Amino acid sequence: MKKYLHSSFHFFTLFTVLIVSSCNVQNSCKIEDYYLNDDIFKIDSTYLKVSIDGKSFKVKVLSDKLNEYLEEFELSEYDFNFLSPKTVVFYSDETGDIVFVKKFDPSKHNFFKQSGNLSKEGKLYMNRMITAGGSGISSNLSLVSLKDGKIVITEIFNSGSMDFILFNKNDKEIYFLKGIWGQELDQNGNPIESHFSKHRYKILHYSFRNGGFRENEIGITKNRYSNWDDDKPGTEILSDIIKGENLIPKSTIVSDYVCFDNFEGKIMD
């Protein structure tokens, strides 16, 4: 308890000193100065001229430099498994002021549009990726939008390393192919398939209506299909499912969709 109070006191003291150090000689301190202080934060990434509903922003993703014991965070073996909490900061290109700040648990952030160009019109997405070690990852996909002139981040769904996410180029539909593993067991209670085997998929369809994405669970495939380890594009998996199941309309044009890379956090070429 004494160690906790001692550490907390020193952390508060350092926090106060760093805030003061970011103020000018007239003793006026701006919130912009705090998030520029390289004693507190490290810049992970910066996105310029990001368009959201006709407005332009600069976006920064920051990492905390110190933990609650005033020790620097250690780098993980995996470059996407950062131990440091993240802070996302939006600046208005019109005024230069900070208009949105939100802190997140340790993760890797990527902002993207299905068209690939952040400065063009289209929905802005944020993907947060967390790893449990090895190749196992968990991601959270969110929509970034403006409501009443203010930035809002709305979660859409969570995904993992066995899943495929496909965005329709019309920017209004998403197919989420969720890989199913470990539900069917042999007589010894072990899964009958490995992570590297073909899997069944739960198919979910998301459509954009009334300012947000609405989920529709379509069903689970009867047959098993390739996974990420087969290096088969997600669009081909979608095509195979359309041909082999009666879950997705046969009239669906697969070339209208682009696949999201869960590991890289971007739309695949």
# chains A, B, ... in the order shown; residues from 1 in each chain; ligands from 1
>>> residues_around(residues="His109 (chain A)", least_positions_apart="3", cutoff="10 Å", atoms="only C-alpha atoms", output="PDB file with N, CA and C atoms, in the first residue's frame")
ATOM      1  N   ASP A  44       3.099   7.922 -32.393  1.00  0.00           N
ATOM      2  CA  ASP A  44       3.105   6.670 -33.151  1.00  0.00           C
ATOM      3  C   ASP A  44       2.865   6.921 -34.636  1.00  0.00           C
ATOM      4  N   SER A  45       1.887   7.754 -34.932  1.00  0.00           N
ATOM      5  CA  SER A  45       1.548   8.020 -36.328  1.00  0.00           C
ATOM      6  C   SER A  45       0.793   9.337 -36.434  1.00  0.00           C
ATOM      7  N   VAL A  61      -1.799   9.702 -33.277  1.00  0.00           N
ATOM      8  CA  VAL A  61      -1.903   8.593 -32.325  1.00  0.00           C
ATOM      9  C   VAL A  61      -0.653   8.647 -31.457  1.00  0.00           C
ATOM     10  N   LEU A  62      -0.849   8.798 -30.139  1.00  0.00           N
ATOM     11  CA  LEU A  62       0.252   8.975 -29.202  1.00  0.00           C
ATOM     12  C   LEU A  62       0.348   7.794 -28.240  1.00  0.00           C
ATOM     13  N   PHE A  80       3.215  -5.167 -33.077  1.00  0.00           N
ATOM     14  CA  PHE A  80       1.877  -4.610 -32.955  1.00  0.00           C
ATOM     15  C   PHE A  80       1.307  -4.798 -31.555  1.00  0.00           C
ATOM     16  N   LYS A  86      -2.782   4.256 -25.499  1.00  0.00           N
ATOM     17  CA  LYS A  86      -2.750   5.151 -26.655  1.00  0.00           C
ATOM     18  C   LYS A  86      -3.719   6.316 -26.447  1.00  0.00           C
ATOM     19  N   THR A  87      -3.372   7.449 -27.016  1.00  0.00           N
ATOM     20  CA  THR A  87      -4.252   8.605 -27.035  1.00  0.00           C
ATOM     21  C   THR A  87      -4.422   9.061 -28.472  1.00  0.00           C
ATOM     22  N   VAL A  88      -5.677   9.198 -28.905  1.00  0.00           N
ATOM     23  CA  VAL A  88      -5.986   9.674 -30.254  1.00  0.00           C
ATOM     24  C   VAL A  88      -6.423  11.136 -30.159  1.00  0.00           C
ATOM     25  N   PHE A 104      -7.095   5.124 -25.072  1.00  0.00           N
ATOM     26  CA  PHE A 104      -7.435   3.715 -25.284  1.00  0.00           C
ATOM     27  C   PHE A 104      -6.434   2.820 -24.566  1.00  0.00           C
ATOM     28  N   PRO A 106      -3.740  -0.368 -24.383  1.00  0.00           N
ATOM     29  CA  PRO A 106      -2.652  -0.682 -25.313  1.00  0.00           C
ATOM     30  C   PRO A 106      -3.156  -1.405 -26.565  1.00  0.00           C
ATOM     31  N   MET A 126     -11.681   3.344 -37.963  1.00  0.00           N
ATOM     32  CA  MET A 126     -10.541   3.157 -37.073  1.00  0.00           C
ATOM     33  C   MET A 126     -10.472   1.691 -36.680  1.00  0.00           C
ATOM     34  N   ASN A 127      -9.298   1.093 -36.847  1.00  0.00           N
ATOM     35  CA  ASN A 127      -9.095  -0.293 -36.442  1.00  0.00           C
ATOM     36  C   ASN A 127      -8.084  -0.339 -35.307  1.00  0.00           C
ATOM     37  N   ARG A 128      -8.474  -0.972 -34.194  1.00  0.00           N
ATOM     38  CA  ARG A 128      -7.579  -1.172 -33.050  1.00  0.00           C
ATOM     39  C   ARG A 128      -7.214  -2.634 -32.973  1.00  0.00           C
ATOM     40  N   MET A 129      -5.903  -2.924 -33.009  1.00  0.00           N
ATOM     41  CA  MET A 129      -5.450  -4.305 -33.006  1.00  0.00           C
ATOM     42  C   MET A 129      -4.679  -4.610 -31.727  1.00  0.00           C
ATOM     43  N   ILE A 130      -5.049  -5.731 -31.116  1.00  0.00           N
ATOM     44  CA  ILE A 130      -4.408  -6.195 -29.891  1.00  0.00           C
ATOM     45  C   ILE A 130      -3.965  -7.629 -30.130  1.00  0.00           C
ATOM     46  N   SER A 139      -9.156  -7.588 -33.064  1.00  0.00           N
ATOM     47  CA  SER A 139      -9.279  -6.231 -33.591  1.00  0.00           C
ATOM     48  C   SER A 139     -10.674  -5.683 -33.328  1.00  0.00           C
ATOM     49  N   ASN A 140     -10.732  -4.382 -33.213  1.00  0.00           N
ATOM     50  CA  ASN A 140     -12.007  -3.685 -33.054  1.00  0.00           C
ATOM     51  C   ASN A 140     -12.143  -2.684 -34.183  1.00  0.00           C
ATOM     52  N   GLY A 265      -3.846  -3.923 -40.892  1.00  0.00           N
ATOM     53  CA  GLY A 265      -4.747  -2.823 -40.571  1.00  0.00           C
ATOM     54  C   GLY A 265      -5.049  -1.925 -41.741  1.00  0.00           C
TER      55      GLY A 265
END
>>> residues_around(residues="region 159-176 of chain A", least_positions_apart="4", cutoff="7 Å", atoms="only C-alpha atoms", output="VMD selection string")
chain A and resid 114 122 to 123 136 to 140 203 to 208 227 to 228 234 256 to 260 262
>>> select_by_dssp(residues="region 167-236 of chain A", states="strand (DSSP E)", output="list in words")
Phe167, Asn168, Glu173, Ile174, Tyr175, Phe176, Leu177, Lys178, Gly179, Ile180, Arg200, Tyr201, Lys202, Ile203, Leu204, His205, Tyr206, Ser207, Phe208, Arg209, Gly212, Phe213, Arg214, Glu215, Asn216, Glu217, Ile218, Gly219 and Ile220 of chain A
>>> residues_around(residues="Val89 (chain A)", least_positions_apart="5", cutoff="7 Å", atoms="only C-alpha atoms", output="compact mmCIF listing (two decimals) with N, CA and C atoms, in the first residue's frame")
# COMPACT_ATOMS: atom_id res chain seq x y z
N VAL A 59 -4.84 13.96 -37.60
CA VAL A 59 -5.04 12.98 -36.53
C VAL A 59 -3.68 12.46 -36.07
N LYS A 60 -3.49 12.45 -34.75
CA LYS A 60 -2.26 11.89 -34.17
C LYS A 60 -2.61 10.75 -33.22
N VAL A 61 -1.80 9.70 -33.28
CA VAL A 61 -1.90 8.59 -32.32
C VAL A 61 -0.65 8.65 -31.46
N ILE A 98 -7.43 21.54 -31.04
CA ILE A 98 -7.83 20.16 -30.74
C ILE A 98 -9.34 20.12 -30.58
N PHE A 100 -10.97 16.80 -30.47
CA PHE A 100 -11.37 15.49 -29.93
C PHE A 100 -10.14 14.80 -29.37
N VAL A 101 -10.30 14.22 -28.17
CA VAL A 101 -9.23 13.44 -27.53
C VAL A 101 -9.86 12.22 -26.88
N LYS A 102 -9.25 11.06 -27.10
CA LYS A 102 -9.74 9.86 -26.41
C LYS A 102 -8.58 8.93 -26.13
>>> atom_distance(atom1="CA of Glu245 (chain A)", atom2="CA of Ile220 (chain A)")
9.4 Å
>>> closest_atom_pairs(of="region 127-187 of chain A", to="region 90-93 of chain A", cutoff="12 Å", atoms="only C-alpha atoms", output="JSON lines")
{"residue": "A:Val144", "atom": "CA", "partner": "A:Phe90", "partner_atom": "CA", "distance": 11.1}
{"residue": "A:Gly149", "atom": "CA", "partner": "A:Ser92", "partner_atom": "CA", "distance": 11.5}
{"residue": "A:Lys150", "atom": "CA", "partner": "A:Phe90", "partner_atom": "CA", "distance": 10.8}
{"residue": "A:Ile151", "atom": "CA", "partner": "A:Phe90", "partner_atom": "CA", "distance": 8.6}
{"residue": "A:Val152", "atom": "CA", "partner": "A:Phe90", "partner_atom": "CA", "distance": 11.1}
{"residue": "A:Ile153", "atom": "CA", "partner": "A:Phe90", "partner_atom": "CA", "distance": 11.7}
>>> write_last_selection(atoms="C-alpha atoms", output="PDB file, in the first residue's frame")
ATOM      1  CA  VAL A 144     -15.534   7.752 -37.166  1.00  0.00           C
ATOM      2  CA  GLY A 149     -20.468  18.957 -35.653  1.00  0.00           C
ATOM      3  CA  LYS A 150     -18.656  16.775 -33.110  1.00  0.00           C
ATOM      4  CA  ILE A 151     -16.456  13.729 -33.747  1.00  0.00           C
ATOM      5  CA  VAL A 152     -18.005  10.433 -32.652  1.00  0.00           C
ATOM      6  CA  ILE A 153     -16.329   6.997 -32.673  1.00  0.00           C
TER       7      ILE A 153
END
>>> closest_residue(among="A:Phe157, A:Val50, A:Gly179, A:Leu66", to="Asn117 (chain A)", atoms="only C-alpha atoms")
A:Val50
>>> closest_residue(among="A:Ile253, A:Trp181, A:Asp39, A:Ser51", to="Phe112 (chain A)", atoms="only C-alpha atoms")
A:Ser51
